[in-house]
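Coordinates from upload_37.txt are shown below (compact mmCIF, C-alpha atoms).
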```txt
# COMPACT_ATOMS: atom_id res chain seq x y z
CA MET G 899 12.56 -0.09 31.43
CA SER G 900 10.09 2.79 31.60
CA PRO G 901 7.32 2.62 28.98
CA TRP G 902 8.44 5.96 27.46
CA LEU G 903 12.01 4.79 26.93
CA GLU G 904 10.77 1.47 25.57
CA ALA G 905 8.50 3.25 23.07
CA VAL G 906 11.42 5.34 21.82
CA VAL G 907 13.70 2.29 21.47
CA ARG G 908 11.00 0.41 19.55
CA ALA G 909 10.33 3.41 17.27
CA VAL G 910 14.04 3.64 16.46
CA ALA G 911 14.13 -0.10 15.65
CA VAL G 912 11.09 0.26 13.35
CA LEU G 913 12.74 3.25 11.67
CA ALA G 914 15.93 1.23 11.09
CA ALA G 915 13.91 -1.57 9.46
CA PHE G 916 12.00 1.02 7.42
CA LEU G 917 15.20 2.54 6.05
CA SER G 918 16.96 -0.75 5.25
CA LEU G 919 14.29 -3.19 3.95
CA PRO G 920 13.06 -0.95 1.07
CA LEU G 921 16.67 -0.54 -0.10
CA LEU G 922 17.04 -4.32 -0.11
CA VAL G 923 13.86 -4.65 -2.21
CA GLY G 924 14.98 -1.85 -4.53
CA GLN G 925 18.37 -3.43 -5.13
CA THR G 926 16.66 -6.80 -5.70
CA GLU G 927 14.40 -5.13 -8.23
CA HIS G 928 17.38 -3.66 -10.10
CA LYS G 929 19.08 -7.02 -10.26
CA VAL G 930 16.06 -9.30 -10.86
CA MET G 931 14.71 -7.02 -13.62
CA ALA G 932 18.15 -6.79 -15.22
CA HIS G 933 18.64 -10.54 -15.32
CA MET G 934 15.10 -11.18 -16.58
CA GLN G 935 15.82 -8.71 -19.39
CA GLY G 936 19.25 -10.16 -20.23
CA ARG G 937 21.39 -7.28 -18.88
CA LEU G 938 23.56 -6.65 -15.84
CA GLY G 939 21.97 -3.79 -13.89
CA PRO G 940 24.10 -1.55 -11.63
CA MET G 941 27.65 -2.93 -11.36
CA TYR G 942 29.97 -0.12 -10.16
CA ALA G 943 28.75 1.65 -7.00
CA GLY G 944 30.28 -0.04 -3.94
CA GLY G 945 32.30 -2.55 -5.92
CA PHE G 946 30.55 -5.89 -5.51
CA HIS G 947 27.71 -6.05 -8.09
CA GLY G 948 26.78 -2.41 -7.45
CA TRP G 949 25.37 -3.09 -3.96
CA ALA G 950 25.65 0.61 -2.95
CA GLN G 951 23.73 1.96 -5.96
CA LEU G 952 20.69 3.06 -3.95
CA VAL G 953 22.84 4.62 -1.22
CA ALA G 954 24.61 6.60 -3.95
CA ASP G 955 21.21 7.57 -5.38
CA GLY G 956 20.14 8.83 -1.95
CA VAL G 957 23.30 10.95 -1.58
CA LYS G 958 22.68 12.33 -5.06
CA PHE G 959 19.02 13.19 -4.35
CA VAL G 960 19.89 15.16 -1.18
CA GLN G 961 22.16 17.41 -3.25
CA LYS G 962 19.58 18.14 -5.96
CA GLU G 963 17.64 21.38 -6.13
CA ASP G 964 14.09 21.14 -4.81
CA VAL G 965 11.94 22.95 -7.38
CA VAL G 966 8.44 24.09 -6.35
CA PRO G 967 6.59 25.35 -9.46
CA ALA G 968 5.38 28.97 -9.26
CA ARG G 969 1.78 27.91 -9.93
CA ALA G 970 1.70 25.12 -7.35
CA ASP G 971 -0.15 25.16 -4.03
CA ARG G 972 3.11 25.44 -2.07
CA GLY G 973 2.10 24.12 1.35
CA VAL G 974 0.27 21.04 0.09
CA PHE G 975 2.92 20.39 -2.57
CA ARG G 976 5.71 20.35 0.02
CA LEU G 977 3.80 18.27 2.56
CA ALA G 978 2.61 15.54 0.16
CA PRO G 979 5.75 13.31 0.28
CA ALA G 980 5.53 13.09 4.09
CA VAL G 981 1.84 12.10 3.90
CA ALA G 982 2.73 9.41 1.36
CA LEU G 983 5.67 8.03 3.34
CA ILE G 984 4.80 8.09 7.07
CA PRO G 985 1.72 5.78 6.87
CA TYR G 986 3.89 2.91 5.62
CA LEU G 987 6.25 3.47 8.55
CA VAL G 988 3.28 3.21 10.93
CA ALA G 989 2.01 0.10 9.11
CA LEU G 990 5.42 -1.52 9.43
CA SER G 991 5.42 -0.90 13.19
CA VAL G 992 2.51 -3.30 13.82
CA ILE G 993 3.51 -6.07 11.39
CA PRO G 994 5.15 -8.84 13.42
CA LEU G 995 8.19 -10.81 12.26
CA SER G 996 7.53 -13.25 15.11
CA PRO G 997 5.32 -13.05 18.25
CA THR G 998 8.16 -11.29 20.07
CA VAL G 999 9.82 -9.35 17.21
CA VAL G 1000 7.13 -6.71 16.65
CA GLY G 1001 7.13 -2.91 16.97
CA ALA G 1002 3.77 -2.42 18.68
CA THR G 1003 1.38 -5.09 19.99
CA LEU G 1004 -2.26 -4.07 19.52
CA ASP G 1005 -5.55 -5.95 19.78
CA ALA G 1006 -6.95 -4.65 16.49
CA SER G 1007 -3.69 -4.29 14.56
CA VAL G 1008 -5.18 -5.61 11.30
CA VAL G 1009 -7.72 -2.75 11.26
CA LEU G 1010 -4.99 -0.19 12.02
CA VAL G 1011 -2.84 -1.48 9.14
CA LEU G 1012 -5.72 -1.21 6.64
CA ALA G 1013 -6.59 2.28 7.90
CA VAL G 1014 -3.07 3.74 7.65
CA ILE G 1015 -2.39 2.16 4.25
CA GLY G 1016 -5.49 4.01 3.01
CA VAL G 1017 -4.02 7.30 4.30
CA GLY G 1018 -0.89 6.82 2.18
CA ILE G 1019 -2.86 7.29 -1.05
CA ILE G 1020 -3.90 10.77 0.13
CA GLY G 1021 -0.25 11.82 -0.32
CA THR G 1022 -0.53 10.89 -4.00
CA LEU G 1023 -3.81 12.81 -4.34
CA MET G 1024 -2.29 15.87 -2.63
CA ALA G 1025 0.67 15.73 -5.01
CA GLY G 1026 -1.61 15.39 -8.03
CA TRP G 1027 -3.81 18.31 -7.06
CA ALA G 1028 -1.20 20.70 -5.62
CA SER G 1029 1.13 20.52 -8.64
CA ALA G 1030 -1.35 22.55 -10.76
CA ASN G 1031 -0.18 20.49 -13.74
CA LYS G 1032 -2.49 18.76 -16.18
CA TYR G 1033 -0.54 15.50 -16.18
CA SER G 1034 -0.47 15.52 -12.39
CA LEU G 1035 -4.19 16.18 -12.14
CA LEU G 1036 -5.01 13.32 -14.51
CA GLY G 1037 -2.66 11.02 -12.63
CA GLY G 1038 -4.19 12.02 -9.30
CA MET G 1039 -7.69 11.30 -10.66
CA ARG G 1040 -6.55 7.90 -11.87
CA ALA G 1041 -4.97 7.18 -8.49
CA ALA G 1042 -8.25 8.09 -6.75
CA ALA G 1043 -10.24 5.84 -9.09
CA GLN G 1044 -7.82 3.00 -8.41
CA LEU G 1045 -8.06 3.53 -4.65
CA VAL G 1046 -11.84 3.36 -4.48
CA SER G 1047 -11.87 0.18 -6.53
CA TYR G 1048 -9.04 -1.82 -4.99
CA GLU G 1049 -9.25 -0.82 -1.32
CA LEU G 1050 -12.44 -2.82 -1.07
CA PRO G 1051 -11.32 -6.28 -2.30
CA MET G 1052 -8.25 -5.95 -0.10
CA VAL G 1053 -10.33 -5.16 3.01
CA LEU G 1054 -12.66 -8.08 2.23
CA ALA G 1055 -9.72 -10.49 1.77
CA VAL G 1056 -8.23 -9.41 5.09
CA ALA G 1057 -11.65 -9.69 6.77
CA SER G 1058 -11.74 -13.29 5.52
CA VAL G 1059 -8.55 -14.30 7.34
CA ALA G 1060 -9.64 -12.36 10.43
CA LEU G 1061 -12.86 -14.40 10.30
CA ALA G 1062 -10.94 -17.66 9.88
CA ALA G 1063 -8.75 -16.87 12.89
CA GLY G 1064 -11.51 -15.26 14.99
CA THR G 1065 -9.28 -12.34 16.01
CA LEU G 1066 -8.31 -8.89 14.75
CA SER G 1067 -4.71 -9.11 15.95
CA ILE G 1068 -2.14 -9.88 13.23
CA VAL G 1069 -0.11 -11.99 15.69
CA GLY G 1070 -3.29 -13.92 16.55
CA ILE G 1071 -4.13 -14.49 12.87
CA ALA G 1072 -0.65 -15.82 12.10
CA GLU G 1073 -0.78 -18.09 15.16
CA ALA G 1074 -4.16 -19.50 14.09
CA TRP G 1075 -2.74 -20.23 10.62
CA SER G 1076 -2.44 -23.86 9.55
CA PRO G 1077 -1.06 -25.22 6.24
CA TRP G 1078 -4.52 -26.01 4.95
CA TRP G 1079 -5.29 -22.28 4.84
CA LEU G 1080 -3.14 -22.31 1.68
CA LEU G 1081 -6.09 -24.03 0.00
CA TRP G 1082 -8.98 -22.64 2.06
CA GLN G 1083 -7.86 -19.00 1.79
CA ALA G 1084 -6.35 -19.26 -1.71
CA PRO G 1085 -8.97 -17.07 -3.50
CA GLY G 1086 -8.59 -14.41 -0.78
CA ALA G 1087 -4.79 -14.56 -1.10
CA PHE G 1088 -5.05 -14.07 -4.86
CA VAL G 1089 -7.39 -11.09 -4.41
CA PHE G 1090 -5.10 -9.57 -1.77
CA LEU G 1091 -2.02 -9.85 -3.99
CA VAL G 1092 -3.74 -8.26 -7.00
CA ALA G 1093 -5.27 -5.48 -4.87
CA ALA G 1094 -1.91 -4.83 -3.18
CA LEU G 1095 -0.23 -4.37 -6.57
CA ALA G 1096 -2.99 -1.95 -7.58
CA GLU G 1097 -2.75 0.01 -4.31
CA LEU G 1098 0.99 0.38 -4.82
CA GLN G 1099 0.41 1.52 -8.43
CA ARG G 1100 2.85 -1.11 -9.62
CA PRO G 1101 2.67 -2.61 -13.12
CA PRO G 1102 0.35 -3.93 -14.51
CA PHE G 1103 -1.67 -1.36 -12.51
CA ASP G 1104 0.58 1.67 -13.04
CA MET G 1105 -2.03 3.77 -14.86
CA PRO G 1106 -1.62 6.77 -12.48
CA VAL G 1107 2.10 7.09 -13.33
CA ALA G 1108 1.95 5.77 -16.90
CA ASP G 1109 5.11 7.35 -18.35
CA SER G 1110 4.11 7.06 -22.00
CA GLU G 1111 0.77 8.84 -21.38
CA ILE G 1112 1.06 11.35 -18.54
CA VAL G 1113 4.85 11.68 -17.93
CA PHE G 1114 4.96 10.56 -14.28
CA GLY G 1115 1.41 11.37 -13.18
CA PRO G 1116 1.16 13.05 -9.77
CA TYR G 1117 4.97 13.15 -9.35
CA THR G 1118 5.70 15.00 -12.62
CA GLU G 1119 6.61 18.30 -10.94
CA TYR G 1120 8.68 16.79 -8.14
CA SER G 1121 12.45 16.87 -8.01
CA GLY G 1122 15.27 16.13 -5.59
CA LEU G 1123 14.59 14.70 -2.17
CA ARG G 1124 10.80 15.04 -2.29
CA PHE G 1125 10.77 12.93 -5.44
CA ALA G 1126 13.05 10.39 -3.71
CA PHE G 1127 10.57 10.21 -0.83
CA PHE G 1128 7.78 9.17 -3.20
CA LEU G 1129 10.03 6.44 -4.58
CA LEU G 1130 10.93 5.35 -1.05
CA ALA G 1131 7.20 5.25 -0.23
CA GLU G 1132 6.64 2.90 -3.17
CA TYR G 1133 9.35 0.48 -2.03
CA ALA G 1134 8.30 0.75 1.62
CA GLY G 1135 4.82 -0.10 0.36
CA ILE G 1136 6.16 -3.24 -1.32
CA VAL G 1137 7.82 -4.24 1.96
CA VAL G 1138 4.63 -3.63 3.96
CA MET G 1139 2.37 -5.48 1.52
CA SER G 1140 4.78 -8.42 1.11
CA LEU G 1141 5.26 -8.88 4.85
CA LEU G 1142 1.51 -8.52 5.41
CA PHE G 1143 0.83 -11.18 2.78
CA ALA G 1144 3.44 -13.46 4.35
CA VAL G 1145 1.99 -13.04 7.85
CA LEU G 1146 -1.72 -13.25 6.93
CA PHE G 1147 -1.71 -15.90 4.20
CA LEU G 1148 1.59 -17.81 4.46
CA GLY G 1149 1.76 -18.31 8.23
CA GLY G 1150 4.52 -15.79 8.89
CA TRP G 1151 6.97 -17.42 11.29
CA ALA G 1152 5.58 -20.98 10.90
CA GLY G 1153 8.55 -23.20 9.99
CA PRO G 1154 11.33 -25.30 11.48
CA PHE G 1155 12.84 -24.00 14.78
CA GLU G 1156 10.21 -21.25 14.80
CA SER G 1157 10.84 -20.29 18.42
CA TRP G 1158 14.25 -18.83 17.55
CA LEU G 1159 14.29 -18.62 13.73
CA GLY G 1160 10.67 -17.43 13.26
CA TRP G 1161 11.62 -13.84 12.29
CA LEU G 1162 13.84 -15.23 9.52
CA TRP G 1163 11.00 -17.30 8.00
CA THR G 1164 8.70 -14.24 7.96
CA LEU G 1165 11.39 -12.16 6.25
CA LEU G 1166 12.15 -14.89 3.70
CA LYS G 1167 8.46 -15.43 2.87
CA GLY G 1168 7.93 -11.68 2.55
CA PHE G 1169 11.02 -11.44 0.33
CA ALA G 1170 9.66 -14.19 -1.93
CA VAL G 1171 6.37 -12.26 -2.29
CA ALA G 1172 8.33 -9.09 -3.13
CA VAL G 1173 10.20 -10.98 -5.87
CA VAL G 1174 6.83 -12.10 -7.29
CA MET G 1175 5.73 -8.43 -7.38
CA ILE G 1176 8.93 -7.52 -9.25
CA TRP G 1177 8.41 -10.46 -11.61
CA MET G 1178 4.90 -9.19 -12.48
CA ARG G 1179 6.34 -5.76 -13.30
CA VAL G 1180 8.75 -7.32 -15.80
CA SER G 1181 6.31 -9.69 -17.44
CA TRP G 1182 2.99 -7.83 -17.83
CA PRO G 1183 1.95 -4.79 -19.89
CA ARG G 1184 -0.04 -1.94 -18.37
CA MET G 1185 -3.81 -2.31 -18.15
CA ARG G 1186 -6.21 0.29 -19.55
CA GLU G 1187 -8.18 2.36 -17.04
CA ASP G 1188 -11.55 0.78 -17.87
CA GLN G 1189 -10.10 -2.75 -17.79
CA LEU G 1190 -8.68 -1.95 -14.39
CA GLN G 1191 -12.06 -0.88 -12.98
CA ARG G 1192 -13.79 -3.87 -14.52
CA LEU G 1193 -11.27 -6.30 -13.06
CA ALA G 1194 -11.91 -4.89 -9.58
CA TRP G 1195 -15.72 -4.80 -9.63
CA VAL G 1196 -16.58 -7.74 -11.88
CA TRP G 1197 -13.94 -10.19 -10.65
CA LEU G 1198 -12.16 -9.24 -7.44
CA VAL G 1199 -15.10 -8.04 -5.33
CA PRO G 1200 -17.30 -11.09 -6.13
CA ILE G 1201 -14.36 -13.48 -5.57
CA ALA G 1202 -13.61 -11.81 -2.23
CA LEU G 1203 -17.28 -12.07 -1.19
CA LEU G 1204 -17.35 -15.76 -2.16
CA GLN G 1205 -14.19 -16.24 -0.11
CA LEU G 1206 -15.94 -14.59 2.86
CA ALA G 1207 -18.89 -16.96 2.50
CA LEU G 1208 -16.55 -19.96 2.20
CA THR G 1209 -14.63 -18.86 5.31
CA ALA G 1210 -17.74 -18.13 7.39
CA VAL G 1211 -19.43 -21.45 6.52
CA GLY G 1212 -16.17 -23.30 7.17
CA VAL G 1213 -15.75 -21.70 10.58
CA VAL G 1214 -19.36 -22.42 11.64
CA MET G 1215 -19.18 -26.04 10.37
CA THR G 1216 -15.98 -26.84 12.25
CA SER G 1217 -16.62 -24.98 15.52
CA MET N 128 -2.28 1.18 25.78
CA ALA N 129 1.49 0.60 25.66
CA GLY N 130 1.03 -0.48 22.04
CA TYR N 131 -0.53 2.83 21.03
CA LEU N 132 2.25 4.70 22.80
CA VAL N 133 4.71 2.91 20.49
CA VAL N 134 2.56 3.79 17.44
CA ALA N 135 2.59 7.44 18.52
CA ALA N 136 6.38 7.28 18.92
CA VAL N 137 6.67 5.79 15.43
CA VAL N 138 4.59 8.64 13.98
CA GLY N 139 6.93 11.03 15.76
CA ALA N 140 9.95 9.22 14.32
CA GLY N 141 8.43 9.53 10.83
CA VAL N 142 7.89 13.29 11.20
CA LEU N 143 11.42 13.64 12.57
CA LEU N 144 12.81 11.68 9.60
CA PHE N 145 11.07 14.03 7.16
CA VAL N 146 12.17 17.19 8.98
CA ALA N 147 15.77 15.96 9.32
CA ALA N 148 15.95 14.98 5.65
CA MET N 149 14.56 18.35 4.55
CA THR N 150 17.04 20.17 6.78
CA ALA N 151 19.89 18.17 5.24
CA ARG N 152 18.62 19.05 1.79
CA ARG N 153 18.42 22.73 2.70
CA LEU N 154 22.07 22.64 3.78
CA LEU N 155 23.37 20.60 0.83
CA ALA N 156 21.23 21.40 -2.19
CA PRO N 157 21.71 24.46 -4.42
CA ARG N 158 18.94 27.02 -4.84
CA ALA N 159 18.84 28.91 -8.12
CA PRO N 160 15.22 29.51 -9.12
CA TRP N 161 14.37 31.50 -12.24
CA ALA N 162 11.11 32.05 -14.05
CA ALA N 163 11.55 29.41 -16.78
CA LYS N 164 12.52 26.74 -14.25
CA LEU N 165 9.47 27.43 -12.11
CA THR N 166 7.05 27.16 -15.02
CA THR N 167 4.59 24.29 -14.97
CA TYR N 168 5.92 21.36 -17.02
CA GLU N 169 3.91 20.73 -20.15
CA SER N 170 6.19 18.64 -22.39
CA GLY N 171 8.45 21.58 -23.21
CA VAL N 172 5.87 24.04 -24.57
CA ASP N 173 4.51 27.02 -22.65
CA PRO N 174 1.61 25.89 -20.43
CA VAL N 175 -1.87 26.61 -21.76
CA GLY N 176 -4.35 27.93 -19.19
CA VAL N 177 -4.07 26.61 -15.63
CA GLY N 178 -3.60 23.06 -14.41
CA TRP N 179 -6.71 23.08 -12.27
CA ALA N 180 -9.06 22.44 -15.16
CA GLN N 181 -12.59 21.15 -14.89
CA THR N 182 -12.69 17.44 -15.59
CA LYS N 183 -15.51 14.97 -15.77
CA VAL N 184 -15.12 12.54 -12.88
CA ARG N 185 -16.35 9.48 -14.69
CA TYR N 186 -15.96 7.08 -11.83
CA PHE N 187 -18.30 8.78 -9.37
CA VAL N 188 -20.58 5.74 -9.55
CA PHE N 189 -17.68 3.58 -8.41
CA SER N 190 -17.18 5.97 -5.51
CA PHE N 191 -20.81 5.52 -4.43
CA LEU N 192 -20.46 1.75 -4.61
CA TYR N 193 -17.22 2.00 -2.67
CA VAL N 194 -18.83 3.99 0.15
CA ILE N 195 -21.64 1.42 0.45
CA PHE N 196 -19.26 -1.53 0.51
CA ALA N 197 -16.75 0.20 2.80
CA VAL N 198 -19.46 0.67 5.45
CA ASP N 199 -20.39 -2.98 4.93
CA ALA N 200 -16.75 -4.01 5.43
CA ILE N 201 -16.59 -2.18 8.76
CA TYR N 202 -19.36 -4.46 10.07
CA LEU N 203 -17.39 -7.54 9.04
CA PHE N 204 -14.57 -7.00 11.53
CA PRO N 205 -16.60 -7.14 14.77
CA TRP N 206 -18.47 -10.10 13.28
CA ALA N 207 -15.13 -11.93 12.90
CA THR N 208 -14.72 -12.02 16.67
CA VAL N 209 -18.16 -13.47 17.50
CA LEU N 210 -18.58 -16.05 14.73
CA ARG N 211 -17.14 -18.85 16.90
CA SER N 212 -19.38 -18.24 19.92
CA ALA N 213 -21.98 -20.98 20.46
CA ASP N 214 -25.04 -18.73 20.85
CA LEU N 215 -24.30 -16.11 18.16
CA GLY N 216 -22.39 -18.07 15.51
CA ARG N 217 -25.06 -19.67 13.33
CA ALA N 218 -27.61 -16.87 13.71
CA SER N 219 -25.03 -14.21 12.83
CA LEU N 220 -23.98 -16.23 9.78
CA VAL N 221 -27.54 -16.19 8.42
CA GLU N 222 -27.98 -12.49 9.23
CA MET N 223 -24.68 -11.59 7.58
CA GLY N 224 -25.64 -13.70 4.54
CA ILE N 225 -28.87 -11.72 4.11
CA PHE N 226 -27.08 -8.39 4.68
CA ILE N 227 -24.34 -9.06 2.12
CA GLY N 228 -26.86 -10.68 -0.25
CA VAL N 229 -28.85 -7.43 -0.42
CA ILE N 230 -25.69 -5.44 -1.20
CA VAL N 231 -24.56 -7.95 -3.85
CA LEU N 232 -28.02 -7.64 -5.42
CA GLY N 233 -27.35 -3.91 -5.67
CA LEU N 234 -23.98 -4.56 -7.30
CA ALA N 235 -25.56 -6.97 -9.79
CA HIS N 236 -28.22 -4.33 -10.57
CA ALA N 237 -25.52 -1.70 -11.16
CA ALA N 238 -23.64 -4.11 -13.43
CA ARG N 239 -26.80 -4.94 -15.40
CA ARG N 240 -27.58 -1.26 -15.91
CA GLY N 241 -24.10 -0.85 -17.41
CA LEU N 242 -22.78 1.36 -14.58
CA LEU N 243 -19.61 -0.71 -14.19
CA ARG N 244 -18.58 0.18 -17.72
CA TRP N 245 -16.21 3.13 -18.12
CA VAL N 246 -18.06 5.41 -20.51
```

I need this file expressed as structure tokens, please.
Amino acid sequence: MSPWLEAVVRAVAVLAAFLSLPLLVGQTEHKVMAHMQGRLGPMYAGGFHGWAQLVADGVKFVQKEDVVPARADRGVFRLAPAVALIPYLVALSVIPLSPTVVGATLDASVVLVLAVIGVGIIGTLMAGWASANKYSLLGGMRAAAQLVSYELPMVLAVASVALAAGTLSIVGIAEAWSPWWLLWQAPGAFVFLVAALAELQRPPFDMPVADSEIVFGPYTEYSGLRFAFFLLAEYAGIVVMSLLFAVLFLGGWAGPFESWLGWLWTLLKGFAVAVVMIWMRVSWPRMREDQLQRLAWVWLVPIALLQLALTAVGVVMTS
Amino acid sequence: MAGYLVVAAVVGAGVLLFVAAMTARRLLAPRAPWAAKLTTYESGVDPVGVGWAQTKVRYFVFSFLYVIFAVDAIYLFPWATVLRSADLGRASLVEMGIFIGVIVLGLAHAARRGLLRWV
């Protein structure tokens, strides 16, 4: 197969995963939240337990009017959803489900993933600024504050596993993984999970979109399909972060019959992490902006640096 | 390089997805703008002034700290690939310890001066 044709086939496969996995997580969130709160959740669309609810939502969103406020910066306002969404698609393309089931094989894939995830936040900032709305501006400012504080612990936690494996390739890191990393890399894993929640602006770190304070933050002025794209970006973000956590900290495809069932183990581990993220949304209240900054700089950054020291000394001692 | 070709194709697929979705919306969605609908949302009352107001960016100190640490983090990744080598490993560990120690000292200083508190 020519490399051009292969690239197109792989891109289509990544796109298919990108359009199906977030729906799975979204439906899981509907159902898990409902049962944790003693209610049923969607039950009608599609018949069986409302499985087609999100498909119906998508069809509805396409038919809604797309309102661009008269005061808004039109170009930036209309482009923002694409800037928020596409980076997660690119991130998904380099996250392996097994050594063979992967969109693109790169030598420094872990650096690429961190870089493109950082770009996704710019979509939120563009939305917050271009809306010319006070709620949006405040939300955008909060999102920026959250980004500068939580990007760092996440990068340090990922650097720690890269150090432990001695490679910058995600496939290489997962192959170097051994069960005792669960203990050795535990502080880094904790930091990564907290920072991932904050990057995704999920509760308890949903200050930028706090509905009781600033309506819906940067997305206040959005309607119709552009609004749906921001929601899709959030769920795609959960998929990316969960799979990344599973591959970097839980060994990805390590498990019984991994040569032919490896992809399934990665998906199941990632799914379990996604359920944990949903669980946190149900069980914790929102943090205040100053508490959020304090948590990042007083706890997460020092813990991540200690984890780096622990990893580096461990590697030098054993090699 | 084949890997980056795939990444480029994926970016293309993302752009195509956005354009296709927006075309579908243009064909399916109604368009009936009027002045009240296009007003900036401000909880139901008429908007006061403009949305682009001057605000005090209280976290600029955090941004400075972030820039310092982000540059530091970039150095960590190449270090990850040489830590296991026999001739560079131990020496690079000590050097990195001193480097990060200096930065952590700066963070501790900022914390002691009360800069990590949201005013």

Review point. Using only C-alpha atoms, which residues sit within 10 Å of Thr1216 (chain G) once same-chain residues fewer than 4 positions away are excluded, as a list in words?
Key: Val1211 and Gly1212 of chain G; Arg211 of chain N

Practice item. Mind checking which residues fall within 10 Å of Ala1013 (chain G), counting all atoms listed in the file, ignoring those fewer than 6 positions away in the same chain, and posting them as a PyMOL selection string? Key: chain G and resi 985+989+1007+1053

Kindly export the residues of the current selection with C-alpha atoms, as an mmCIF file, in the frame of the given file.
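selection_5.cif written:
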```cif
data_model
loop_
_atom_site.group_PDB
_atom_site.id
_atom_site.type_symbol
_atom_site.label_atom_id
_atom_site.label_comp_id
_atom_site.auth_asym_id
_atom_site.auth_seq_id
_atom_site.Cartn_x
_atom_site.Cartn_y
_atom_site.Cartn_z
ATOM 1 C CA PRO G 985 1.720 5.780 6.870
ATOM 2 C CA ALA G 989 2.010 0.100 9.110
ATOM 3 C CA SER G 1007 -3.690 -4.290 14.560
ATOM 4 C CA VAL G 1053 -10.330 -5.160 3.010
#
```

Check your understanding: Pick from G:Ala1043, G:Val1145, G:Met1215, G:Leu1203: nearest to Arg185 (chain N), with all atoms listed in the file counted?
Key -> G:Ala1043

Exercise for review: Within 6 Å of chain G, which residues of chain N are there when counting all atoms listed in the file? Please give them as a list in words.
Suggested key: Gly130, Val133, Ala136, Val137, Gly141, Arg152, Leu155, Ala156, Pro157, Arg158, Leu165, Thr166, Thr167, Gly178, Trp179, Tyr193, Ala207, Thr208 and Trp245 of chain N

Would you export the selected residues with C-alpha atoms as a PDB file, keeping the file's coordinate frame, please?
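Saved as result.pdb:
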```pdb
ATOM      1  CA  GLY N 130       1.030  -0.480  22.040  1.00  0.00           C
ATOM      2  CA  VAL N 133       4.710   2.910  20.490  1.00  0.00           C
ATOM      3  CA  ALA N 136       6.380   7.280  18.920  1.00  0.00           C
ATOM      4  CA  VAL N 137       6.670   5.790  15.430  1.00  0.00           C
ATOM      5  CA  GLY N 141       8.430   9.530  10.830  1.00  0.00           C
ATOM      6  CA  ARG N 152      18.620  19.050   1.790  1.00  0.00           C
ATOM      7  CA  LEU N 155      23.370  20.600   0.830  1.00  0.00           C
ATOM      8  CA  ALA N 156      21.230  21.400  -2.190  1.00  0.00           C
ATOM      9  CA  PRO N 157      21.710  24.460  -4.420  1.00  0.00           C
ATOM     10  CA  ARG N 158      18.940  27.020  -4.840  1.00  0.00           C
ATOM     11  CA  LEU N 165       9.470  27.430 -12.110  1.00  0.00           C
ATOM     12  CA  THR N 166       7.050  27.160 -15.020  1.00  0.00           C
ATOM     13  CA  THR N 167       4.590  24.290 -14.970  1.00  0.00           C
ATOM     14  CA  GLY N 178      -3.600  23.060 -14.410  1.00  0.00           C
ATOM     15  CA  TRP N 179      -6.710  23.080 -12.270  1.00  0.00           C
ATOM     16  CA  TYR N 193     -17.220   2.000  -2.670  1.00  0.00           C
ATOM     17  CA  ALA N 207     -15.130 -11.930  12.900  1.00  0.00           C
ATOM     18  CA  THR N 208     -14.720 -12.020  16.670  1.00  0.00           C
ATOM     19  CA  TRP N 245     -16.210   3.130 -18.120  1.00  0.00           C
TER      20      TRP N 245
END
```

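The space between CA of Ala1084 (chain G) and CA of Ile993 (chain G) spans 21.0 Å.
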
Kindly write N, CA and C atoms of region 935-944 of chain G from the structure just given to a file, as a PDB file, in the first residue's frame.
```pdb
ATOM      1  N   GLN G 935     -27.332   9.111  41.467  1.00  0.00           N
ATOM      2  CA  GLN G 935     -28.255  10.079  42.051  1.00  0.00           C
ATOM      3  C   GLN G 935     -29.655   9.516  42.217  1.00  0.00           C
ATOM      4  N   GLY G 936     -29.805   8.184  42.071  1.00  0.00           N
ATOM      5  CA  GLY G 936     -31.099   7.547  42.324  1.00  0.00           C
ATOM      6  C   GLY G 936     -32.161   7.892  41.314  1.00  0.00           C
ATOM      7  N   ARG G 937     -31.789   8.048  40.007  1.00  0.00           N
ATOM      8  CA  ARG G 937     -32.786   8.274  38.960  1.00  0.00           C
ATOM      9  C   ARG G 937     -32.419   7.416  37.764  1.00  0.00           C
ATOM     10  N   LEU G 938     -33.187   7.530  36.678  1.00  0.00           N
ATOM     11  CA  LEU G 938     -33.014   6.594  35.569  1.00  0.00           C
ATOM     12  C   LEU G 938     -32.109   7.109  34.451  1.00  0.00           C
ATOM     13  N   GLY G 939     -32.115   8.426  34.207  1.00  0.00           N
ATOM     14  CA  GLY G 939     -31.388   8.930  33.046  1.00  0.00           C
ATOM     15  C   GLY G 939     -32.221   8.722  31.792  1.00  0.00           C
ATOM     16  N   PRO G 940     -31.633   8.970  30.585  1.00  0.00           N
ATOM     17  CA  PRO G 940     -32.410   8.829  29.355  1.00  0.00           C
ATOM     18  C   PRO G 940     -32.910   7.400  29.171  1.00  0.00           C
ATOM     19  N   MET G 941     -34.198   7.232  28.836  1.00  0.00           N
ATOM     20  CA  MET G 941     -34.762   5.891  28.712  1.00  0.00           C
ATOM     21  C   MET G 941     -35.489   5.659  27.395  1.00  0.00           C
ATOM     22  N   TYR G 942     -35.747   6.708  26.583  1.00  0.00           N
ATOM     23  CA  TYR G 942     -36.657   6.527  25.439  1.00  0.00           C
ATOM     24  C   TYR G 942     -35.943   6.426  24.102  1.00  0.00           C
ATOM     25  N   ALA G 943     -34.990   7.346  23.816  1.00  0.00           N
ATOM     26  CA  ALA G 943     -34.393   7.378  22.479  1.00  0.00           C
ATOM     27  C   ALA G 943     -33.744   6.032  22.151  1.00  0.00           C
ATOM     28  N   GLY G 944     -34.132   5.428  21.025  1.00  0.00           N
ATOM     29  CA  GLY G 944     -33.520   4.178  20.590  1.00  0.00           C
ATOM     30  C   GLY G 944     -34.106   2.942  21.223  1.00  0.00           C
TER      31      GLY G 944
END
```
